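Raw target-v7.cif, mmCIF, C-alpha atoms:
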```cif
data_my_file
#
loop_
_atom_site.label_atom_id
_atom_site.label_comp_id
_atom_site.auth_asym_id
_atom_site.auth_seq_id
_atom_site.Cartn_x
_atom_site.Cartn_y
_atom_site.Cartn_z
CA MET A 8 143.51 162.26 -1.66
CA ASN A 9 143.66 160.78 1.87
CA LYS A 10 140.51 158.75 1.14
CA LEU A 11 142.08 157.41 -2.06
CA ILE A 12 145.25 156.35 -0.20
CA LEU A 13 143.14 154.63 2.48
CA PHE A 14 141.10 152.82 -0.17
CA LEU A 15 144.23 151.63 -2.01
CA THR A 16 145.80 150.47 1.27
CA LEU A 17 142.74 148.44 2.19
CA LEU A 18 142.49 147.03 -1.32
CA SER A 19 146.16 146.06 -1.29
CA SER A 20 145.94 144.34 2.09
CA SER A 21 142.89 142.41 0.91
CA ILE A 22 144.51 141.29 -2.34
CA PHE A 23 147.89 140.35 -0.96
CA ALA A 24 146.84 138.90 2.41
CA GLN A 25 148.35 135.44 2.63
CA ASP A 26 146.63 132.33 3.79
CA LYS A 27 148.14 130.75 6.87
CA TYR A 28 149.49 127.23 6.39
CA THR A 29 150.74 124.85 9.08
CA LEU A 30 152.12 121.37 8.41
CA LEU A 31 151.98 118.90 11.30
CA ARG A 32 154.32 115.91 11.14
CA PRO A 33 153.61 113.45 13.98
CA ALA A 34 154.65 109.81 14.18
CA ARG A 35 151.10 108.70 13.46
CA VAL A 36 147.64 110.05 12.69
CA PHE A 37 144.32 108.66 13.91
CA ASP A 38 141.78 109.95 11.41
CA GLY A 39 138.68 109.05 13.44
CA GLU A 40 138.56 105.48 12.16
CA THR A 41 142.08 104.14 11.50
CA MET A 42 145.62 104.76 12.71
CA HIS A 43 148.11 105.74 9.98
CA ALA A 44 151.89 105.78 10.34
CA ASN A 45 153.91 108.64 8.85
CA TRP A 46 150.93 110.72 7.81
CA GLN A 47 151.09 114.50 7.69
CA VAL A 48 148.30 117.04 8.15
CA LEU A 49 148.29 120.40 6.36
CA ILE A 50 146.13 123.14 7.86
CA LYS A 51 145.02 126.15 5.83
CA ASN A 52 143.61 128.88 8.05
CA GLN A 53 140.79 127.17 10.03
CA ARG A 54 140.44 123.95 8.06
CA ILE A 55 142.33 120.82 7.11
CA GLU A 56 143.73 121.31 3.61
CA ALA A 57 145.33 117.91 3.00
CA VAL A 58 146.16 114.62 4.73
CA GLY A 59 148.55 111.88 3.72
CA GLU A 60 152.14 110.62 3.57
CA LYS A 61 153.70 113.10 1.17
CA LEU A 62 152.00 116.45 0.74
CA ALA A 63 152.74 119.37 -1.54
CA ILE A 64 153.12 122.37 0.72
CA PRO A 65 153.19 126.12 -0.03
CA SER A 66 156.48 127.95 0.50
CA ASN A 67 155.17 129.97 3.44
CA THR A 68 154.12 126.91 5.46
CA GLU A 69 155.10 126.62 9.11
CA ILE A 70 156.34 123.06 9.74
CA VAL A 71 155.86 121.45 13.16
CA ASP A 72 157.60 118.12 13.82
CA ILE A 73 156.22 116.07 16.70
CA PRO A 74 158.17 112.78 16.96
CA ASN A 75 156.72 109.91 19.00
CA ALA A 76 153.33 111.64 19.00
CA THR A 77 149.83 110.79 17.84
CA LEU A 78 147.58 113.31 16.11
CA LEU A 79 143.84 112.84 16.57
CA PRO A 80 140.65 114.80 15.92
CA GLY A 81 139.80 117.03 18.86
CA LEU A 82 137.90 114.82 21.31
CA ILE A 83 134.14 115.22 21.68
CA GLU A 84 132.75 114.97 25.22
CA GLY A 85 129.28 113.46 24.88
CA HIS A 86 127.85 114.20 28.32
CA SER A 87 129.01 117.24 30.24
CA HIS A 88 127.60 119.70 32.78
CA LEU A 89 129.93 122.69 32.78
CA LEU A 90 127.74 124.43 35.37
CA LEU A 91 128.25 121.64 37.92
CA HIS A 92 131.29 120.70 39.97
CA PRO A 93 132.05 117.47 41.88
CA TYR A 94 129.48 116.44 44.46
CA ASN A 95 132.15 115.69 47.08
CA GLU A 96 132.91 119.43 47.02
CA THR A 97 129.29 120.61 47.18
CA SER A 98 126.18 118.44 47.00
CA TRP A 99 123.92 118.70 43.97
CA ASP A 100 121.10 120.13 46.11
CA ASP A 101 123.35 122.86 47.50
CA GLN A 102 124.68 123.75 44.07
CA VAL A 103 121.11 124.23 42.84
CA LEU A 104 119.79 126.03 45.94
CA ARG A 105 122.71 127.80 47.59
CA GLU A 106 125.24 128.75 44.89
CA SER A 107 124.48 132.00 43.09
CA ARG A 108 124.22 132.04 39.32
CA ALA A 109 127.24 134.36 39.27
CA GLU A 110 129.32 131.81 41.17
CA ARG A 111 128.18 128.97 38.95
CA ILE A 112 129.03 130.88 35.78
CA ALA A 113 132.43 131.86 37.17
CA ARG A 114 133.13 128.20 37.89
CA ALA A 115 131.91 127.22 34.43
CA THR A 116 134.41 129.52 32.70
CA VAL A 117 137.20 127.69 34.55
CA HIS A 118 135.65 124.32 33.67
CA ALA A 119 135.47 125.29 29.99
CA ARG A 120 139.15 126.19 29.90
CA LYS A 121 140.22 122.98 31.64
CA THR A 122 138.10 120.91 29.26
CA LEU A 123 139.64 122.48 26.16
CA LEU A 124 143.21 122.22 27.42
CA ALA A 125 142.64 118.52 28.11
CA GLY A 126 142.00 118.04 24.38
CA PHE A 127 138.20 118.03 24.35
CA THR A 128 137.44 120.64 21.70
CA THR A 129 133.68 119.96 21.61
CA VAL A 130 131.16 119.16 24.35
CA ARG A 131 127.52 118.20 24.39
CA ASP A 132 126.37 119.91 27.60
CA LEU A 133 123.23 118.16 28.79
CA GLY A 134 121.50 120.50 31.21
CA THR A 135 122.25 123.46 33.43
CA GLU A 136 120.76 121.83 36.57
CA GLY A 137 118.95 124.87 37.89
CA ALA A 138 121.00 127.56 36.10
CA ASP A 139 118.31 128.44 33.55
CA TYR A 140 119.90 129.02 30.08
CA ASP A 141 123.35 130.02 31.30
CA ASP A 142 124.85 127.32 29.05
CA VAL A 143 123.64 129.34 26.06
CA GLY A 144 125.42 132.43 27.40
CA LEU A 145 128.57 130.43 28.08
CA LYS A 146 128.52 129.06 24.54
CA THR A 147 128.13 132.59 23.16
CA ALA A 148 131.01 133.91 25.26
CA ILE A 149 133.27 131.17 23.85
CA GLU A 150 132.15 131.84 20.28
CA LYS A 151 132.89 135.56 20.70
CA GLY A 152 136.37 134.83 22.10
CA ILE A 153 135.61 136.38 25.49
CA ILE A 154 136.77 133.19 27.18
CA ILE A 155 138.43 130.05 25.84
CA GLY A 156 136.58 126.78 25.84
CA PRO A 157 135.27 123.97 23.66
CA ARG A 158 132.55 124.20 21.05
CA MET A 159 129.29 123.70 22.89
CA PHE A 160 126.06 122.00 21.94
CA VAL A 161 123.67 122.76 24.78
CA ALA A 162 120.43 121.41 26.23
CA GLY A 163 119.34 124.40 28.32
CA ARG A 164 117.08 123.48 31.22
CA ALA A 165 116.14 119.87 30.24
CA LEU A 166 112.63 118.47 30.75
CA VAL A 167 111.22 116.47 33.66
CA ALA A 168 107.78 115.21 34.61
CA SER A 169 106.15 117.18 37.43
CA GLY A 170 107.02 115.84 40.84
CA SER A 171 109.80 113.57 39.65
CA TYR A 172 112.97 115.67 39.92
CA GLY A 173 114.69 117.58 42.72
CA PRO A 174 115.68 119.10 45.03
CA LYS A 175 113.28 117.20 47.28
CA GLY A 176 112.62 116.71 50.98
CA TYR A 177 110.73 119.94 51.75
CA HIS A 178 107.23 120.01 53.21
CA SER A 179 104.31 120.48 50.83
CA GLU A 180 103.89 124.23 51.43
CA ILE A 181 107.44 125.01 50.27
CA THR A 182 108.28 125.37 46.60
CA VAL A 183 111.98 125.33 45.70
CA PRO A 184 113.72 125.91 42.36
CA GLN A 185 114.01 122.71 40.34
CA GLY A 186 117.04 121.34 38.53
CA ALA A 187 115.10 121.17 35.26
CA GLU A 188 111.85 122.37 33.70
CA GLU A 189 108.66 120.55 34.70
CA ALA A 190 106.20 119.94 31.89
CA ASP A 191 103.40 117.44 31.22
CA GLY A 192 100.72 116.72 28.63
CA VAL A 193 100.33 117.76 25.01
CA ASP A 194 100.07 121.53 25.35
CA ASN A 195 102.68 122.05 28.07
CA LEU A 196 105.23 119.72 26.52
CA THR A 197 104.83 121.25 23.08
CA LYS A 198 105.24 124.75 24.46
CA SER A 199 108.21 123.78 26.66
CA VAL A 200 110.13 122.12 23.82
CA ARG A 201 109.52 125.10 21.54
CA THR A 202 110.45 127.56 24.28
CA GLN A 203 113.71 125.76 24.99
CA ILE A 204 114.54 125.79 21.29
CA GLY A 205 113.72 129.50 21.13
CA LYS A 206 116.00 130.20 24.09
CA GLY A 207 118.92 128.55 22.31
CA ALA A 208 118.87 124.81 23.10
CA ASP A 209 120.67 122.75 20.44
CA VAL A 210 119.32 119.48 21.79
CA ILE A 211 116.34 118.56 23.97
CA LYS A 212 117.06 116.39 27.00
CA VAL A 213 114.27 114.46 28.70
CA TYR A 214 114.39 112.46 31.93
CA ALA A 215 112.58 109.27 30.90
CA ASP A 216 112.89 107.91 34.43
CA TYR A 217 114.08 109.07 37.82
CA ARG A 218 114.17 108.17 41.52
CA TRP A 219 110.51 108.88 42.28
CA GLY A 220 109.13 105.37 42.81
CA LEU A 221 107.07 104.29 45.82
CA MET A 222 110.25 103.03 47.46
CA LYS A 223 112.26 106.01 46.17
CA ASP A 224 113.61 103.81 43.42
CA ALA A 225 114.01 104.74 39.76
CA GLN A 226 110.79 104.41 37.76
CA PRO A 227 109.60 105.73 34.37
CA THR A 228 108.32 109.29 34.36
CA PHE A 229 106.91 110.30 30.98
CA LEU A 230 104.55 108.12 28.97
CA GLN A 231 105.90 106.85 25.67
CA GLU A 232 103.34 109.05 23.87
CA GLU A 233 104.66 112.13 25.67
CA ILE A 234 108.25 111.39 24.64
CA GLU A 235 107.08 110.75 21.07
CA LEU A 236 105.47 114.21 21.08
CA MET A 237 108.71 115.83 22.27
CA VAL A 238 110.65 114.01 19.56
CA ARG A 239 108.24 115.13 16.83
CA VAL A 240 108.33 118.76 17.94
CA ALA A 241 112.12 118.81 18.26
CA GLN A 242 112.71 117.02 14.96
CA SER A 243 110.60 119.58 13.15
CA SER A 244 113.39 122.06 13.94
CA GLY A 245 116.17 119.59 13.05
CA ARG A 246 117.04 118.86 16.69
CA GLN A 247 117.58 115.58 18.51
CA VAL A 248 116.03 114.42 21.78
CA VAL A 249 118.27 112.55 24.21
CA ALA A 250 117.02 110.62 27.20
CA HIS A 251 118.31 110.12 30.72
CA ALA A 252 117.20 106.53 31.27
CA SER A 253 118.46 103.85 33.62
CA THR A 254 115.47 101.51 34.02
CA GLU A 255 114.50 98.86 31.50
CA GLU A 256 111.04 100.36 30.97
CA GLY A 257 112.28 103.94 30.83
CA MET A 258 114.82 102.92 28.20
CA ARG A 259 112.20 100.99 26.21
CA ARG A 260 109.77 103.92 26.10
CA ALA A 261 112.49 106.37 25.07
CA ILE A 262 113.88 104.07 22.35
CA LEU A 263 110.46 103.40 20.83
CA ALA A 264 109.66 107.13 21.01
CA GLY A 265 112.62 107.92 18.74
CA VAL A 266 115.31 109.48 20.95
CA SER A 267 118.83 109.59 19.52
CA THR A 268 120.84 108.55 22.59
CA ILE A 269 120.24 106.85 25.91
CA GLU A 270 122.26 108.39 28.73
CA HIS A 271 123.41 105.94 31.45
CA GLY A 272 121.45 102.77 30.61
CA ASP A 273 122.40 101.16 33.93
CA ASN A 274 119.73 98.42 33.84
CA GLY A 275 119.79 97.62 30.15
CA THR A 276 119.11 94.04 29.09
CA PRO A 277 120.08 92.05 25.98
CA GLU A 278 116.57 92.67 24.64
CA ILE A 279 116.82 96.40 25.25
CA PHE A 280 120.23 96.66 23.60
CA LYS A 281 118.94 94.66 20.63
CA LEU A 282 116.09 97.14 20.32
CA MET A 283 118.54 100.04 20.51
CA LYS A 284 120.61 98.55 17.70
CA GLU A 285 117.52 97.98 15.55
CA LYS A 286 116.38 101.59 16.06
CA GLY A 287 119.85 103.12 15.64
CA VAL A 288 119.91 104.54 19.18
CA CYS A 289 123.33 105.15 20.69
CA LEU A 290 124.32 104.35 24.29
CA CYS A 291 126.23 106.94 26.31
CA PRO A 292 127.22 104.83 29.35
CA THR A 293 128.69 107.49 31.71
CA LEU A 294 130.86 104.95 33.55
CA ALA A 295 132.98 107.53 35.35
CA ALA A 296 130.04 109.25 37.05
CA GLY A 297 128.81 106.15 38.84
CA ASP A 298 132.36 105.25 39.76
CA ALA A 299 132.91 108.72 41.25
CA VAL A 300 129.64 108.70 43.23
CA SER A 301 130.51 105.31 44.71
CA GLN A 302 133.83 106.70 45.87
CA TYR A 303 132.12 109.76 47.35
CA ARG A 304 129.96 107.36 49.36
CA GLY A 305 132.99 105.71 50.90
CA TRP A 306 134.19 103.03 48.48
CA LYS A 307 137.99 102.88 48.48
CA LYS A 308 138.69 102.03 44.86
CA GLY A 309 141.57 99.62 44.37
CA LYS A 310 141.55 98.62 48.03
CA GLU A 311 138.04 97.25 48.48
CA THR A 312 135.75 94.96 46.50
CA GLU A 313 133.70 96.86 43.94
CA PRO A 314 130.21 97.80 45.16
CA GLU A 315 127.27 95.92 43.65
CA ARG A 316 126.37 99.00 41.60
CA ILE A 317 129.77 98.97 39.90
CA GLN A 318 129.71 95.21 39.34
CA GLU A 319 126.29 95.50 37.70
CA LYS A 320 127.49 98.35 35.51
CA ARG A 321 130.37 96.20 34.27
CA LYS A 322 127.91 93.45 33.32
CA THR A 323 125.58 95.89 31.57
CA PHE A 324 128.41 97.48 29.61
CA LYS A 325 129.61 94.03 28.53
CA MET A 326 126.09 93.22 27.33
CA ALA A 327 126.03 96.43 25.31
CA LEU A 328 129.39 95.61 23.71
CA GLU A 329 128.27 92.09 22.82
CA SER A 330 125.01 93.39 21.33
CA GLY A 331 126.84 95.59 18.84
CA VAL A 332 124.93 98.71 19.87
CA ARG A 333 126.72 101.95 18.97
CA ILE A 334 128.50 103.39 22.01
CA CYS A 335 129.21 107.09 22.48
CA MET A 336 131.80 108.51 24.84
CA GLY A 337 130.38 110.68 27.59
CA GLY A 338 131.32 110.67 31.24
CA ASP A 339 128.70 112.93 32.89
CA VAL A 340 131.63 115.17 33.78
CA GLY A 341 130.71 117.69 36.43
CA VAL A 342 129.91 114.81 38.75
CA PHE A 343 133.71 114.44 38.67
CA PRO A 344 136.23 117.19 37.80
CA HIS A 345 136.24 118.97 34.47
CA GLY A 346 139.53 118.50 32.69
CA ASP A 347 139.61 114.89 33.94
CA ASN A 348 137.31 113.84 31.06
CA ALA A 349 139.85 111.17 30.03
CA ARG A 350 138.69 109.15 33.04
CA GLU A 351 135.74 107.93 30.97
CA LEU A 352 137.98 106.71 28.12
CA GLU A 353 140.17 104.82 30.55
CA MET A 354 137.19 103.18 32.21
CA MET A 355 135.68 102.13 28.89
CA VAL A 356 138.89 100.20 28.23
CA ASP A 357 138.92 98.83 31.77
CA TYR A 358 135.33 97.62 31.27
CA GLY A 359 136.25 95.70 28.12
CA MET A 360 136.33 98.03 25.11
CA LYS A 361 139.33 98.10 22.77
CA PRO A 362 141.32 101.36 22.92
CA ILE A 363 140.93 102.00 19.18
CA ASP A 364 137.14 101.65 19.55
CA VAL A 365 137.17 104.07 22.47
CA LEU A 366 139.01 106.59 20.27
CA ARG A 367 136.35 106.12 17.58
CA SER A 368 133.59 106.66 20.16
CA SER A 369 135.31 109.86 21.30
CA THR A 370 135.62 111.31 17.79
CA SER A 371 133.83 110.12 14.65
CA ILE A 372 131.07 108.13 16.37
CA ASN A 373 130.15 111.04 18.63
CA ALA A 374 130.23 113.47 15.70
CA ASN A 375 128.01 111.23 13.57
CA SER A 376 125.64 110.34 16.41
CA PHE A 377 125.17 113.98 17.42
CA LYS A 378 124.99 115.11 13.76
CA ILE A 379 127.95 117.49 14.16
CA LYS A 380 129.29 118.50 10.77
CA ASP A 381 132.97 118.84 9.80
CA LEU A 382 134.31 117.55 13.13
CA GLY A 383 135.39 114.24 14.60
CA SER A 384 137.62 113.19 11.70
CA ILE A 385 140.90 114.21 10.10
CA LYS A 386 139.71 114.85 6.55
CA LYS A 387 140.21 117.48 3.88
CA GLY A 388 137.73 120.31 4.39
CA TYR A 389 137.03 119.50 8.03
CA LEU A 390 137.58 122.09 10.75
CA ALA A 391 141.08 121.95 12.19
CA ASP A 392 140.17 120.88 15.72
CA ILE A 393 143.12 118.66 16.60
CA LEU A 394 144.69 116.97 19.60
CA ILE A 395 148.31 115.83 19.64
CA VAL A 396 149.50 113.57 22.45
CA GLU A 397 152.78 111.88 23.27
CA GLY A 398 152.75 108.12 22.76
CA ASN A 399 150.02 105.99 21.19
CA PRO A 400 146.60 105.91 22.91
CA ALA A 401 145.47 103.11 20.59
CA GLU A 402 147.92 100.90 22.48
CA GLN A 403 147.84 102.60 25.90
CA ILE A 404 144.68 104.64 26.39
CA SER A 405 146.19 106.64 29.26
CA ASP A 406 148.48 108.30 26.68
CA ILE A 407 145.45 110.43 25.83
CA ARG A 408 146.35 112.46 28.93
CA LYS A 409 149.86 113.30 27.63
CA VAL A 410 148.70 116.42 25.81
CA LYS A 411 151.34 118.25 23.77
CA PHE A 412 149.18 120.47 21.54
CA VAL A 413 145.52 121.43 21.30
CA ILE A 414 144.35 123.17 18.14
CA LYS A 415 140.91 124.67 17.70
CA ASP A 416 139.82 126.37 14.48
CA GLY A 417 143.37 126.05 13.18
CA SER A 418 144.91 127.99 16.09
CA PHE A 419 147.08 126.55 18.85
CA VAL A 420 145.42 127.00 22.25
CA LYS A 421 148.00 124.82 24.01
#
```

Is it possible to give me this structure as structure tokens?
Amino acid sequence: MNKLILFLTLLSSSIFAQDKYTLLRPARVFDGETMHANWQVLIKNQRIEAVGEKLAIPSNTEIVDIPNATLLPGLIEGHSHLLLHPYNETSWDDQVLRESRAERIARATVHARKTLLAGFTTVRDLGTEGADYDDVGLKTAIEKGIIIGPRMFVAGRALVASGSYGPKGYHSEITVPQGAEEADGVDNLTKSVRTQIGKGADVIKVYADYRWGLMKDAQPTFLQEEIELMVRVAQSSGRQVVAHASTEEGMRRAILAGVSTIEHGDNGTPEIFKLMKEKGVCLCPTLAAGDAVSQYRGWKKGKETEPERIQEKRKTFKMALESGVRICMGGDVGVFPHGDNARELEMMVDYGMKPIDVLRSSTSINANSFKIKDLGSIKKGYLADILIVEGNPAEQISDIRKVKFVIKDGSFVK
């Protein structure tokens, strides 16, 4: 008899459980492409049920009015390192060599929370910088609800050519842990890509160049054929390869090899950007990282003339804009503080991009470029990852910082 009552109770709760509906009524909605006045967004459980001016709503719907506010898709950070913190706090070498993995993970849980509460509901985390596959564990902890944080697409250890990466400066008899995995040649590269995939990497990151030239300048590392091999192996599992590349030749090799995005692109040329456009390769310019490093080195921003490095970056970014190459939003956050991700959006505007285009880069363009399904747009059937800010960031990009609500999977986290 008790078993029958329990069965009927469970059956009843299953049959009569109600879906959860929430209607959001902001002043305007940016759907990932266009700004719409007086639109409403209806959420059913974890997904967007309807979008438009006048919606039919169920009787049990919770209605949230947000006057003078803009609703956007949750922002997508295109270049993050949750296991790093700003270099003016601790140098990169010391983070890799002196900070314990436990400390770095503890920091990363704080970074994840700050990132989400700033409205960035998804991040592409491009390398643990010496912390093995701890990004995979962090991603799992978020998915299980152990900690709060953004959705993560992770690169694991990343791949570098032997002898090219750091930490450096030790005599030849000393071997120190590296900030990424060294691999070279057909067999080693094939095995390394497959191993990283097996360990949980969602994307493969390769350093196509680095500061290992004769004069300690940036020079290409991998041969084009080696990058092509990595791309073929990764693509056979449905994964993308992204390339750290700042030199003209490093960028050229990576583009021709078939990578999906170029990270940094500091020394791009009109010819290189034309090639990127032809091949459908996206540029992730990471403006805020270079700006932060220059300040760490003593530049007093706003009080002194911009360093040559910053002036050159402005010119390169302008070239990219004029070429029509697709531009992603990604700041290389970790070099500067997590939760301050909006710095990259503000700098993209300062460097010449229209605010509405920056919003597109931070939502739909990133989602499409990274092949992330059901995110980056406000559309029926998409996951309800939503940011609501006071004001209108399409007119004043800094309004993106005025966070009122953050919704992930249909639930309010802020």

Scan for residues within 7 Å of the point (146.3, 116.5, 13.5) in the coordinates of the file, using all atoms listed in the file, and reply as a PDB file with C-alpha atoms, keeping the file's coordinate frame.
```
ATOM      1  CA  LEU A  31     151.980 118.900  11.300  1.00  0.00           C
ATOM      2  CA  VAL A  36     147.640 110.050  12.690  1.00  0.00           C
ATOM      3  CA  VAL A  48     148.300 117.040   8.150  1.00  0.00           C
ATOM      4  CA  LEU A  78     147.580 113.310  16.110  1.00  0.00           C
ATOM      5  CA  LEU A  79     143.840 112.840  16.570  1.00  0.00           C
ATOM      6  CA  PRO A  80     140.650 114.800  15.920  1.00  0.00           C
ATOM      7  CA  ILE A 385     140.900 114.210  10.100  1.00  0.00           C
ATOM      8  CA  ILE A 393     143.120 118.660  16.600  1.00  0.00           C
ATOM      9  CA  LEU A 394     144.690 116.970  19.600  1.00  0.00           C
ATOM     10  CA  ILE A 395     148.310 115.830  19.640  1.00  0.00           C
TER      11      ILE A 395
END
```

In Å, rounded to a single decimal, give me how far CA of Arg111 (chain A) is from CA of Val249 (chain A).
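That distance, rounded to one decimal, is 24.2 Å.
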
Residue contacts of Glu278 (chain A) (12 Å, all atoms listed in the file) excluding same-chain residues fewer than 3 positions away, as a PyMOL selection string
chain A and resi 255-256+258-259+262+274-275+281-285+323+326-327+329-330+332

Run the PyMOL selection byres ((chain A and resi 131) around 12) on the file and write out the hits as an MDAnalysis selection string.
chainID A and resid 82:89 122 127:130 132:135 142:143 146 157:163 208:212 247 249 268 270 291 335:340 369 373:374 376:379

Quick one, how far is CA of Cys289 (chain A) from CA of Val266 (chain A)?
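Spanning CA of Cys289 (chain A) to CA of Val266 (chain A) is a straight-line distance of 9.1 Å.
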
Could you write out as a list in words the residues that the PyMOL selection byres ((chain A and resi 64) around 12) matches in the shown file?
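Given this file, the PyMOL selection byres ((chain A and resi 64) around 12) evaluates to Lys27, Tyr28, Thr29, Leu30, Leu31, Gln47, Val48, Leu49, Ile50, Lys51, Glu56, Ala57, Val58, Gly59, Lys61, Leu62, Ala63, Pro65, Ser66, Asn67, Thr68, Glu69 and Ile70 of chain A.
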
Just the selected residues (C-alpha atoms), exported as a CSV table (one decimal), keeping the file's coordinate frame, please.
```
chain,number,residue,atom,x,y,z
A,27,LYS,CA,148.1,130.8,6.9
A,28,TYR,CA,149.5,127.2,6.4
A,29,THR,CA,150.7,124.8,9.1
A,30,LEU,CA,152.1,121.4,8.4
A,31,LEU,CA,152.0,118.9,11.3
A,47,GLN,CA,151.1,114.5,7.7
A,48,VAL,CA,148.3,117.0,8.2
A,49,LEU,CA,148.3,120.4,6.4
A,50,ILE,CA,146.1,123.1,7.9
A,51,LYS,CA,145.0,126.2,5.8
A,56,GLU,CA,143.7,121.3,3.6
A,57,ALA,CA,145.3,117.9,3.0
A,58,VAL,CA,146.2,114.6,4.7
A,59,GLY,CA,148.6,111.9,3.7
A,61,LYS,CA,153.7,113.1,1.2
A,62,LEU,CA,152.0,116.4,0.7
A,63,ALA,CA,152.7,119.4,-1.5
A,65,PRO,CA,153.2,126.1,0.0
A,66,SER,CA,156.5,128.0,0.5
A,67,ASN,CA,155.2,130.0,3.4
A,68,THR,CA,154.1,126.9,5.5
A,69,GLU,CA,155.1,126.6,9.1
A,70,ILE,CA,156.3,123.1,9.7
```

Near Asp191 (chain A), counting only C-alpha atoms, which residues have an atom at most 12 Å away, once you skip same-chain residues fewer than 6 positions from it, shown as a list of chain:residue names?
A:Leu166, A:Val167, A:Ala168, A:Ser169, A:Gly170, A:Ser171, A:Thr197, A:Lys198, A:Ser199, A:Val200, A:Val213, A:Thr228, A:Phe229, A:Leu230, A:Glu232, A:Glu233, A:Ile234, A:Leu236, A:Met237

Between A:Gly39, A:Gly287, A:Val193, A:Leu123, which one has atoms that come closest to Ile372 (chain A), using all atoms listed in the file?
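For Ile372 (chain A), the nearest of the given residues is A:Gly39.
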
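Once the PyMOL selection byres ((chain A and resi 34) around 8) is applied to the shown structure, the selection contains Arg32, Pro33, Arg35, Val36, Ala44, Asn45, Trp46, Ile73, Pro74, Asn75, Ala76 and Thr77 of chain A.
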
Interatomic distance, CA of Phe419 (chain A) to CA of Glu397 (chain A) (Å, one decimal)
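Taking CA of Phe419 (chain A) as the start and CA of Glu397 (chain A) as the end point, the length is 16.3 Å.
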
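Comparing A:Thr182, A:Thr254, A:Asn375, A:Ser243 by their smallest distance to Tyr214 (chain A), the closest is A:Thr254 (using all atoms listed in the file).
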
For Gly156 (chain A), work out the shell of residues within 6 Å, counting all atoms listed in the file and skipping chain neighbours fewer than 6 positions away, then give it as a ChimeraX atom specification.
/A:119-120,123,149

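Of the residues listed (A:Thr41, A:Ser267, A:Ser368, A:Gln102), A:Gln102 shows the shortest atom-to-atom separation from Pro184 (chain A); distances use all atoms listed in the file.
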
Can you list, as a PyMOL selection string, every protein, DNA or RNA residue that comes within 10 Å of Asn52 (chain A) when you count all atoms listed in the file, leaving out same-chain residues fewer than 5 positions away?
chain A and resi 25-29+390-391+416-418

Pick from A:Lys361, A:His43, A:Leu104, A:Leu124, whichever lies nearest to Val420 (chain A) using all atoms listed in the file
A:Leu124
